[in-house]
Amino acid sequence: MVRHSRWVAFLFLFWGGLVGQALALSVSLAGFAYSGDAASITARFPHSQRLDKSLGAGGINGLIRQVVAAQPPTAFELDTANLMELKGRDQAIAVALMLNGETVSTERFGGLSKVFIQLRAQAMFFDFKTMTVLRAYPFSVAYVDLLDHAPTEDEIAERVRTLYLGAGTTPGILNRFSEALARASLPAQVPRFLQVSQATVSDEVRKLLPAELASQPGVAETWVADMLAEAISSRTGVPILPYAKGYAIGKVMSMRVADGSVYELKLPEPDYAISVDLTRFGRFEHAKVAAGTSYIYASKVAVKVQQPLANRVYMNSEFKNGEVKTVPSSQRSVDDFPAYSDSLRGLFTKLSGVLAGGNDPWLKDAAAAPDIDKQITATKEVIQSCK
């Protein structure tokens, strides 16, 4: 298989030095970080920044240290010393909780307000010496609430805080980061890279998205790519490179850590690329009784998995999925987006479950390709090679 020589040379030297070490591999905690252009962070992550400032000197970083201390990773030692102490070391792997997206949407329906909040992040491993991304494990958390009044800034801040800290048995983004570190691994050989490299959203679907996703170029595409990447990574346990078009320019990702330092991280070319095209959302009446009406919320996507350099295609098929939502007869207005989102997430979760080795009868009716079983087998081998 043809490979990029510059990445092979670097990764062979880097990972080769890890083989045969008597001591466990050490990874330094870079802490909390924001992705993308540093100058626009205040505009893109206002609620997370407000939370960080409200926590005092320790900020979100202090909470991260507490969480990872309570649940340390097992595949490597996590060093919580100052990141700048890595300068001059021969081996310098670091990991950050990188926030990729913060979506806060408030919609008014008659006398009710629907609040939707989502945080998208990843456990990002990178080489501090060469500033090259090594692997990433994406995850997200979301909060949906219905209020009888327009939410205040303090009420939104309270819900964002819950998304970070968790509530009861529901983990927040800090616990999700700790869970990602617990399952993460750093290979002793040259790794193969997997990435959702292309995402598109049809105009028909875009009309059904909230303004926070549809109004700015690339935001909806990043949302779809992140959702697919998270499903694949969480169900198969495979790391996946970030969706470059959403966070990087020219394969270089900007990252600002909590102390204000800005780093430019290089993204390697993926060995295997995934493209996803969200073509349709649809709502169909399923059943109607006196108590209410149930609807099927459907989504349709096209997914392609290929090896770009060899121009070899492993999967190329459309998939569809439907989820049922019941609307009480007393409810005067319906917000369709959460149900559409559940349908799409369900599609990606079911497909990823099959790629992880599950046997889901959903696949037979969901996939358009007649040879989907053969495609799934080939794609499983690709995913396993990237662990």
# chains A, B, ... in the order shown; residues from 1 in each chain; ligands from 1
>>> residues_around(residues="Ala366 (chain A)", least_positions_apart="6", cutoff="9 Å", atoms="only C-alpha atoms", output="MDAnalysis selection string")
chainID A and resid 318:321 347
>>> residues_around(residues="Val95 (chain A)", least_positions_apart="6", cutoff="12 Å", atoms="only C-alpha atoms", output="JSON list (two decimals) with N, CA, C and O atoms, in the first residue's frame")
[["chain", "number", "residue", "atom", "x", "y", "z"],
["A", 26, "SER", "N", 4.27, 7.78, 29.10],
["A", 26, "SER", "CA", 3.77, 8.93, 29.81],
["A", 26, "SER", "C", 3.13, 9.91, 28.82],
["A", 26, "SER", "O", 3.71, 10.22, 27.79],
["A", 27, "VAL", "N", 1.94, 10.36, 29.15],
["A", 27, "VAL", "CA", 1.22, 11.34, 28.35],
["A", 27, "VAL", "C", 0.92, 12.54, 29.24],
["A", 27, "VAL", "O", 0.40, 12.40, 30.35],
["A", 28, "SER", "N", 1.26, 13.74, 28.79],
["A", 28, "SER", "CA", 1.05, 14.95, 29.58],
["A", 28, "SER", "C", -0.33, 15.53, 29.31],
["A", 28, "SER", "O", -0.81, 15.56, 28.16],
["A", 29, "LEU", "N", -0.98, 15.98, 30.36],
["A", 29, "LEU", "CA", -2.31, 16.57, 30.25],
["A", 29, "LEU", "C", -2.19, 18.03, 29.84],
["A", 29, "LEU", "O", -1.72, 18.87, 30.60],
["A", 30, "ALA", "N", -2.62, 18.34, 28.63],
["A", 30, "ALA", "CA", -2.59, 19.72, 28.15],
["A", 30, "ALA", "C", -3.77, 20.51, 28.72],
["A", 30, "ALA", "O", -3.75, 21.74, 28.73],
["A", 31, "GLY", "N", -4.80, 19.79, 29.18],
["A", 31, "GLY", "CA", -5.94, 20.45, 29.80],
["A", 31, "GLY", "C", -7.03, 20.82, 28.82],
["A", 31, "GLY", "O", -7.18, 20.22, 27.76],
["A", 32, "PHE", "N", -7.78, 21.85, 29.17],
["A", 32, "PHE", "CA", -8.93, 22.28, 28.39],
["A", 32, "PHE", "C", -8.48, 23.19, 27.26],
["A", 32, "PHE", "O", -7.62, 24.06, 27.44],
["A", 33, "ALA", "N", -9.07, 23.00, 26.09],
["A", 33, "ALA", "CA", -8.66, 23.80, 24.92],
["A", 33, "ALA", "C", -9.86, 24.04, 24.01],
["A", 33, "ALA", "O", -10.83, 23.29, 24.00],
["A", 64, "ILE", "N", -11.00, 19.21, 35.44],
["A", 64, "ILE", "CA", -10.47, 18.09, 34.65],
["A", 64, "ILE", "C", -9.47, 17.29, 35.47],
["A", 64, "ILE", "O", -9.49, 16.05, 35.48],
["A", 73, "PRO", "N", -6.31, 6.73, 33.41],
["A", 73, "PRO", "CA", -6.22, 5.75, 32.32],
["A", 73, "PRO", "C", -5.32, 4.59, 32.70],
["A", 73, "PRO", "O", -4.46, 4.72, 33.56],
["A", 76, "PHE", "N", -1.62, 4.12, 29.85],
["A", 76, "PHE", "CA", -0.48, 5.02, 29.93],
["A", 76, "PHE", "C", -0.57, 5.80, 31.23],
["A", 76, "PHE", "O", -1.62, 5.85, 31.88],
["A", 77, "GLU", "N", 0.55, 6.42, 31.62],
["A", 77, "GLU", "CA", 0.57, 7.27, 32.80],
["A", 77, "GLU", "C", 0.24, 8.70, 32.39],
["A", 77, "GLU", "O", 0.78, 9.21, 31.41],
["A", 78, "LEU", "N", -0.67, 9.32, 33.12],
["A", 78, "LEU", "CA", -1.07, 10.68, 32.80],
["A", 78, "LEU", "C", -0.34, 11.66, 33.70],
["A", 78, "LEU", "O", -0.50, 11.66, 34.92],
["A", 79, "ASP", "N", 0.52, 12.48, 33.09],
["A", 79, "ASP", "CA", 1.32, 13.47, 33.80],
["A", 79, "ASP", "C", 0.59, 14.80, 33.78],
["A", 79, "ASP", "O", 0.30, 15.35, 32.72],
["A", 80, "THR", "N", 0.29, 15.33, 34.96],
["A", 80, "THR", "CA", -0.45, 16.60, 35.03],
["A", 80, "THR", "C", 0.46, 17.80, 35.28],
["A", 80, "THR", "O", 0.01, 18.86, 35.70],
["A", 83, "LEU", "N", 2.53, 21.91, 30.87],
["A", 83, "LEU", "CA", 2.76, 21.47, 29.50],
["A", 83, "LEU", "C", 4.10, 21.97, 28.96],
["A", 83, "LEU", "O", 4.77, 21.28, 28.18],
["A", 122, "GLN", "N", -13.46, 16.39, 21.94],
["A", 122, "GLN", "CA", -12.68, 15.20, 21.68],
["A", 122, "GLN", "C", -11.46, 15.15, 22.59],
["A", 122, "GLN", "O", -10.97, 16.20, 23.05],
["A", 123, "ALA", "N", -11.03, 13.93, 22.86],
["A", 123, "ALA", "CA", -9.75, 13.73, 23.54],
["A", 123, "ALA", "C", -8.69, 13.69, 22.44],
["A", 123, "ALA", "O", -8.61, 12.74, 21.68],
["A", 124, "MET", "N", -7.93, 14.77, 22.35],
["A", 124, "MET", "CA", -6.97, 14.95, 21.25],
["A", 124, "MET", "C", -5.55, 14.65, 21.71],
["A", 124, "MET", "O", -5.00, 15.33, 22.57],
["A", 125, "PHE", "N", -4.94, 13.61, 21.14],
["A", 125, "PHE", "CA", -3.54, 13.27, 21.43],
["A", 125, "PHE", "C", -2.66, 13.88, 20.33],
["A", 125, "PHE", "O", -2.96, 13.76, 19.15],
["A", 126, "PHE", "N", -1.58, 14.53, 20.75],
["A", 126, "PHE", "CA", -0.68, 15.12, 19.76],
["A", 126, "PHE", "C", 0.76, 15.07, 20.26],
["A", 126, "PHE", "O", 1.02, 14.96, 21.47],
["A", 127, "ASP", "N", 1.69, 15.13, 19.33],
["A", 127, "ASP", "CA", 3.11, 15.16, 19.65],
["A", 127, "ASP", "C", 3.52, 16.61, 19.85],
["A", 127, "ASP", "O", 3.44, 17.43, 18.93],
["A", 128, "PHE", "N", 3.95, 16.94, 21.06],
["A", 128, "PHE", "CA", 4.26, 18.32, 21.39],
["A", 128, "PHE", "C", 5.51, 18.82, 20.65],
["A", 128, "PHE", "O", 5.65, 20.03, 20.42],
["A", 131, "MET", "N", 4.13, 19.05, 16.88],
["A", 131, "MET", "CA", 2.79, 19.60, 16.81],
["A", 131, "MET", "C", 1.96, 18.88, 15.74],
["A", 131, "MET", "O", 1.33, 19.49, 14.87],
["A", 132, "THR", "N", 1.97, 17.55, 15.83],
["A", 132, "THR", "CA", 1.22, 16.72, 14.90],
["A", 132, "THR", "C", 0.17, 15.91, 15.65],
["A", 132, "THR", "O", 0.46, 15.30, 16.68],
["A", 133, "VAL", "N", -1.06, 15.93, 15.15],
["A", 133, "VAL", "CA", -2.13, 15.15, 15.75],
["A", 133, "VAL", "C", -1.82, 13.66, 15.56],
["A", 133, "VAL", "O", -1.49, 13.21, 14.46],
["A", 134, "LEU", "N", -1.95, 12.89, 16.65],
["A", 134, "LEU", "CA", -1.70, 11.45, 16.59],
["A", 134, "LEU", "C", -3.00, 10.66, 16.50],
["A", 134, "LEU", "O", -3.10, 9.72, 15.73],
["A", 135, "ARG", "N", -3.97, 11.01, 17.29],
["A", 135, "ARG", "CA", -5.28, 10.37, 17.25],
["A", 135, "ARG", "C", -6.25, 11.15, 18.11],
["A", 135, "ARG", "O", -5.86, 11.97, 18.94],
["A", 136, "ALA", "N", -7.54, 10.90, 17.90],
["A", 136, "ALA", "CA", -8.57, 11.62, 18.64],
["A", 136, "ALA", "C", -9.78, 10.73, 18.87],
["A", 136, "ALA", "O", -10.10, 9.87, 18.03],
["A", 137, "TYR", "N", -10.43, 10.93, 20.02],
["A", 137, "TYR", "CA", -11.64, 10.19, 20.38],
["A", 137, "TYR", "C", -12.75, 11.21, 20.61],
["A", 137, "TYR", "O", -12.79, 11.89, 21.63],
["A", 177, "PHE", "N", -14.69, 12.81, 28.85],
["A", 177, "PHE", "CA", -13.26, 12.92, 28.55],
["A", 177, "PHE", "C", -12.48, 11.86, 29.31],
["A", 177, "PHE", "O", -11.61, 11.18, 28.75],
["A", 178, "SER", "N", -12.79, 11.70, 30.58],
["A", 178, "SER", "CA", -12.11, 10.69, 31.39],
["A", 178, "SER", "C", -12.38, 9.29, 30.85],
["A", 178, "SER", "O", -11.47, 8.44, 30.80],
["A", 180, "ALA", "N", -13.00, 8.56, 27.74],
["A", 180, "ALA", "CA", -12.25, 8.45, 26.49],
["A", 180, "ALA", "C", -10.79, 8.10, 26.78],
["A", 180, "ALA", "O", -10.18, 7.27, 26.08],
["A", 181, "LEU", "N", -10.20, 8.71, 27.82],
["A", 181, "LEU", "CA", -8.82, 8.40, 28.18],
["A", 181, "LEU", "C", -8.71, 6.96, 28.67],
["A", 181, "LEU", "O", -7.71, 6.28, 28.41],
["A", 184, "ALA", "N", -8.62, 4.80, 25.59],
["A", 184, "ALA", "CA", -7.64, 5.18, 24.57],
["A", 184, "ALA", "C", -6.42, 4.28, 24.61],
["A", 184, "ALA", "O", -6.05, 3.73, 25.65],
["A", 185, "SER", "N", -5.79, 4.13, 23.46],
["A", 185, "SER", "CA", -4.55, 3.36, 23.35],
["A", 185, "SER", "C", -3.62, 4.07, 22.40],
["A", 185, "SER", "O", -4.05, 4.78, 21.49],
["A", 186, "LEU", "N", -2.32, 3.90, 22.61],
["A", 186, "LEU", "CA", -1.30, 4.47, 21.73],
["A", 186, "LEU", "C", -0.47, 3.33, 21.18],
["A", 186, "LEU", "O", 0.23, 2.64, 21.92],
["A", 255, "MET", "N", -5.39, 25.47, 18.04],
["A", 255, "MET", "CA", -5.87, 25.07, 19.36],
["A", 255, "MET", "C", -5.36, 26.07, 20.38],
["A", 255, "MET", "O", -4.18, 26.37, 20.43],
["A", 257, "VAL", "N", -5.17, 26.60, 24.42],
["A", 257, "VAL", "CA", -5.37, 25.96, 25.72],
["A", 257, "VAL", "C", -5.76, 27.02, 26.74],
["A", 257, "VAL", "O", -5.71, 28.22, 26.48]]
>>> select_by_dssp(residues="region 40-137 of chain A", states="strand (DSSP E or B)", output="MDAnalysis selection string")
chainID A and resid 77:79 93:109 112:127 132:137
>>> residues_around(residues="Lys364 (chain A)", least_positions_apart="4", cutoff="12 Å", atoms="only C-alpha atoms", output="number ranges by chain")
A: 318-321, 350-351, 354, 359-360, 368-373, 376
>>> select_by_dssp(residues="region 108-286 of chain A", states="helix (DSSP H, G or I)", output="PyMOL selection string")
chain A and resi 153-165+173-183+203-206+211-214+219-236+244-247
>>> residues_around(residues="Thr106 (chain A)", least_positions_apart="3", cutoff="8 Å", atoms="only C-alpha atoms", output="PyMOL selection string")
chain A and resi 113-116+151
>>> closest_residue(among="A:Thr200, A:Ile240, A:Ala225, A:Leu55", to="Leu165 (chain A)", atoms="only C-alpha atoms")
A:Leu55
>>> closest_atom_pairs(of="region 117-214 of chain A", to="region 267-283 of chain A", cutoff="8 Å", atoms="only C-alpha atoms", output="Markdown table")
| residue | atom | partner | partner_atom | distance |
| --- | --- | --- | --- | --- |
| A:Thr132 | CA | A:Leu267 | CA | 6.2 |
| A:Val133 | CA | A:Leu267 | CA | 5.5 |
| A:Arg192 | CA | A:Asp271 | CA | 5.9 |
| A:Phe193 | CA | A:Pro270 | CA | 4.7 |
| A:Leu194 | CA | A:Tyr272 | CA | 5.0 |
| A:Gln195 | CA | A:Ala273 | CA | 5.2 |
| A:Val196 | CA | A:Ile274 | CA | 4.5 |
| A:Ser197 | CA | A:Ala273 | CA | 5.7 |
| A:Gln198 | CA | A:Ser275 | CA | 4.6 |
| A:Ala199 | CA | A:Val276 | CA | 4.9 |
| A:Thr200 | CA | A:Asp277 | CA | 4.7 |
| A:Val201 | CA | A:Leu278 | CA | 4.9 |
| A:Ser202 | CA | A:Thr279 | CA | 5.1 |
| A:Glu204 | CA | A:Arg280 | CA | 6.7 |
| A:Val205 | CA | A:Arg280 | CA | 5.6 |
| A:Leu208 | CA | A:Phe281 | CA | 7.9 |
>>> write_last_selection(atoms="all heavy atoms", output="short mmCIF file (atom, residue, chain, number, x, y, z; two decimals), in the first residue's frame")
data_model
loop_
_atom_site.label_atom_id
_atom_site.label_comp_id
_atom_site.auth_asym_id
_atom_site.auth_seq_id
_atom_site.Cartn_x
_atom_site.Cartn_y
_atom_site.Cartn_z
N THR A 132 1.97 17.55 15.83
CA THR A 132 1.22 16.72 14.90
C THR A 132 0.17 15.91 15.65
O THR A 132 0.46 15.30 16.68
CB THR A 132 2.16 15.74 14.16
OG1 THR A 132 3.17 16.48 13.47
CG2 THR A 132 1.38 14.91 13.16
N VAL A 133 -1.06 15.93 15.15
CA VAL A 133 -2.13 15.15 15.75
C VAL A 133 -1.82 13.66 15.56
O VAL A 133 -1.49 13.21 14.46
CB VAL A 133 -3.49 15.49 15.12
CG1 VAL A 133 -4.58 14.57 15.64
CG2 VAL A 133 -3.85 16.94 15.39
N ARG A 192 -2.53 3.65 11.31
CA ARG A 192 -3.27 4.03 10.11
C ARG A 192 -4.37 5.00 10.54
O ARG A 192 -5.00 4.80 11.57
CB ARG A 192 -3.85 2.80 9.41
CG ARG A 192 -2.77 1.87 8.86
CD ARG A 192 -3.37 0.68 8.17
NE ARG A 192 -2.33 -0.19 7.63
CZ ARG A 192 -2.56 -1.31 6.95
NH1 ARG A 192 -3.81 -1.69 6.74
NH2 ARG A 192 -1.57 -2.04 6.50
N PHE A 193 -4.60 6.01 9.72
CA PHE A 193 -5.51 7.08 10.10
C PHE A 193 -6.84 6.96 9.38
O PHE A 193 -6.90 6.77 8.16
CB PHE A 193 -4.88 8.44 9.80
CG PHE A 193 -3.65 8.73 10.62
CD1 PHE A 193 -2.40 8.70 10.03
CD2 PHE A 193 -3.74 9.01 11.96
CE1 PHE A 193 -1.26 8.96 10.77
CE2 PHE A 193 -2.61 9.28 12.73
CZ PHE A 193 -1.36 9.25 12.12
N LEU A 194 -7.91 7.14 10.16
CA LEU A 194 -9.28 7.13 9.65
C LEU A 194 -9.88 8.52 9.91
O LEU A 194 -9.66 9.12 10.96
CB LEU A 194 -10.10 6.07 10.39
CG LEU A 194 -11.58 5.93 10.03
CD1 LEU A 194 -11.74 5.39 8.61
CD2 LEU A 194 -12.28 5.00 11.02
N GLN A 195 -10.65 9.01 8.94
CA GLN A 195 -11.20 10.37 9.08
C GLN A 195 -12.49 10.51 8.29
O GLN A 195 -12.62 9.98 7.18
CB GLN A 195 -10.20 11.41 8.57
CG GLN A 195 -10.68 12.86 8.69
CD GLN A 195 -9.71 13.84 8.02
OE1 GLN A 195 -9.27 13.63 6.90
NE2 GLN A 195 -9.38 14.90 8.73
N VAL A 196 -13.48 11.20 8.89
CA VAL A 196 -14.61 11.68 8.10
C VAL A 196 -14.11 12.94 7.40
O VAL A 196 -13.98 14.00 8.00
CB VAL A 196 -15.83 12.01 9.00
CG1 VAL A 196 -16.98 12.54 8.13
CG2 VAL A 196 -16.28 10.77 9.76
N SER A 197 -13.77 12.79 6.15
CA SER A 197 -13.06 13.86 5.43
C SER A 197 -13.98 14.76 4.62
O SER A 197 -13.58 15.85 4.20
CB SER A 197 -12.01 13.26 4.50
OG SER A 197 -12.62 12.38 3.57
N GLN A 198 -15.22 14.33 4.38
CA GLN A 198 -16.13 15.15 3.58
C GLN A 198 -17.55 14.96 4.09
O GLN A 198 -17.98 13.84 4.39
CB GLN A 198 -16.06 14.75 2.10
CG GLN A 198 -16.95 15.60 1.20
CD GLN A 198 -16.78 15.24 -0.28
OE1 GLN A 198 -15.85 14.55 -0.65
NE2 GLN A 198 -17.70 15.71 -1.10
N ALA A 199 -18.28 16.05 4.20
CA ALA A 199 -19.68 16.02 4.62
C ALA A 199 -20.47 17.05 3.84
O ALA A 199 -19.99 18.16 3.61
CB ALA A 199 -19.81 16.28 6.12
N THR A 200 -21.66 16.68 3.42
CA THR A 200 -22.54 17.60 2.70
C THR A 200 -23.95 17.48 3.27
O THR A 200 -24.35 16.44 3.79
CB THR A 200 -22.58 17.32 1.19
OG1 THR A 200 -22.98 15.95 0.97
CG2 THR A 200 -21.21 17.53 0.55
N VAL A 201 -24.70 18.57 3.16
CA VAL A 201 -26.08 18.62 3.63
C VAL A 201 -26.93 19.22 2.51
O VAL A 201 -26.60 20.29 1.99
CB VAL A 201 -26.21 19.47 4.91
CG1 VAL A 201 -27.66 19.61 5.33
CG2 VAL A 201 -25.38 18.88 6.04
N SER A 202 -28.00 18.54 2.14
CA SER A 202 -28.84 19.03 1.05
C SER A 202 -29.59 20.29 1.45
O SER A 202 -29.82 20.56 2.64
CB SER A 202 -29.84 17.94 0.63
OG SER A 202 -30.83 17.77 1.63
N GLU A 204 -32.68 20.80 1.03
CA GLU A 204 -33.95 20.37 1.62
C GLU A 204 -33.81 20.16 3.13
O GLU A 204 -34.66 20.58 3.91
CB GLU A 204 -34.41 19.07 0.95
CG GLU A 204 -35.69 18.49 1.54
CD GLU A 204 -36.04 17.14 0.94
OE1 GLU A 204 -35.37 16.73 -0.03
OE2 GLU A 204 -36.96 16.49 1.46
N VAL A 205 -32.72 19.51 3.53
CA VAL A 205 -32.48 19.27 4.95
C VAL A 205 -32.15 20.57 5.67
O VAL A 205 -32.61 20.82 6.79
CB VAL A 205 -31.34 18.25 5.14
CG1 VAL A 205 -30.89 18.19 6.59
CG2 VAL A 205 -31.77 16.87 4.66
N LEU A 208 -34.74 22.55 7.42
CA LEU A 208 -35.35 21.98 8.62
C LEU A 208 -34.44 22.07 9.85
O LEU A 208 -34.81 21.63 10.93
CB LEU A 208 -35.70 20.50 8.38
CG LEU A 208 -36.67 20.24 7.23
CD1 LEU A 208 -36.84 18.74 6.99
CD2 LEU A 208 -38.03 20.88 7.52
#
>>> residues_around(residues="Ala231 (chain A)", least_positions_apart="3", cutoff="7 Å", atoms="only C-alpha atoms", output="ChimeraX atom specification")
/A:227-228,234-235,348-349,352
>>> write_last_selection(atoms="N, CA, C and O atoms", output="tab-separated table (two decimals), in the first residue's frame")
chain	number	residue	atom	x	y	z
A	227	MET	N	-21.09	13.90	14.34
A	227	MET	CA	-22.00	12.89	14.83
A	227	MET	C	-21.60	11.50	14.31
A	227	MET	O	-21.62	10.51	15.07
A	228	LEU	N	-21.23	11.41	13.03
A	228	LEU	CA	-20.81	10.13	12.47
A	228	LEU	C	-19.49	9.68	13.09
A	228	LEU	O	-19.33	8.50	13.45
A	234	SER	N	-17.00	5.62	19.23
A	234	SER	CA	-17.51	5.10	20.49
A	234	SER	C	-17.95	3.64	20.39
A	234	SER	O	-17.78	2.87	21.33
A	235	ARG	N	-18.50	3.23	19.24
A	235	ARG	CA	-18.98	1.86	19.11
A	235	ARG	C	-17.87	0.88	18.74
A	235	ARG	O	-17.90	-0.28	19.14
A	348	PHE	N	-26.59	6.50	12.49
A	348	PHE	CA	-25.14	6.36	12.64
A	348	PHE	C	-24.78	5.35	13.73
A	348	PHE	O	-23.82	4.59	13.59
A	349	THR	N	-25.56	5.33	14.81
A	349	THR	CA	-25.28	4.40	15.90
A	349	THR	C	-25.51	2.96	15.46
A	349	THR	O	-24.71	2.07	15.77
A	352	SER	N	-22.75	1.96	12.97
A	352	SER	CA	-21.49	1.76	13.68
A	352	SER	C	-21.52	0.48	14.51
A	352	SER	O	-20.50	-0.20	14.67
>>> closest_residue(among="A:His286, A:Lys325, A:Arg256, A:Lys300", to="Ala39 (chain A)", atoms="only C-alpha atoms")
A:Arg256
>>> closest_residue(among="A:Tyr247, A:Phe139, A:Tyr295, A:Trp362", to="Ala229 (chain A)", atoms="only C-alpha atoms")
A:Phe139
>>> atom_distance(atom1="CA of Leu97 (chain A)", atom2="CA of Tyr34 (chain A)")
8.4 Å
>>> atom_distance(atom1="CA of Ala258 (chain A)", atom2="CA of Val219 (chain A)")
23.8 Å
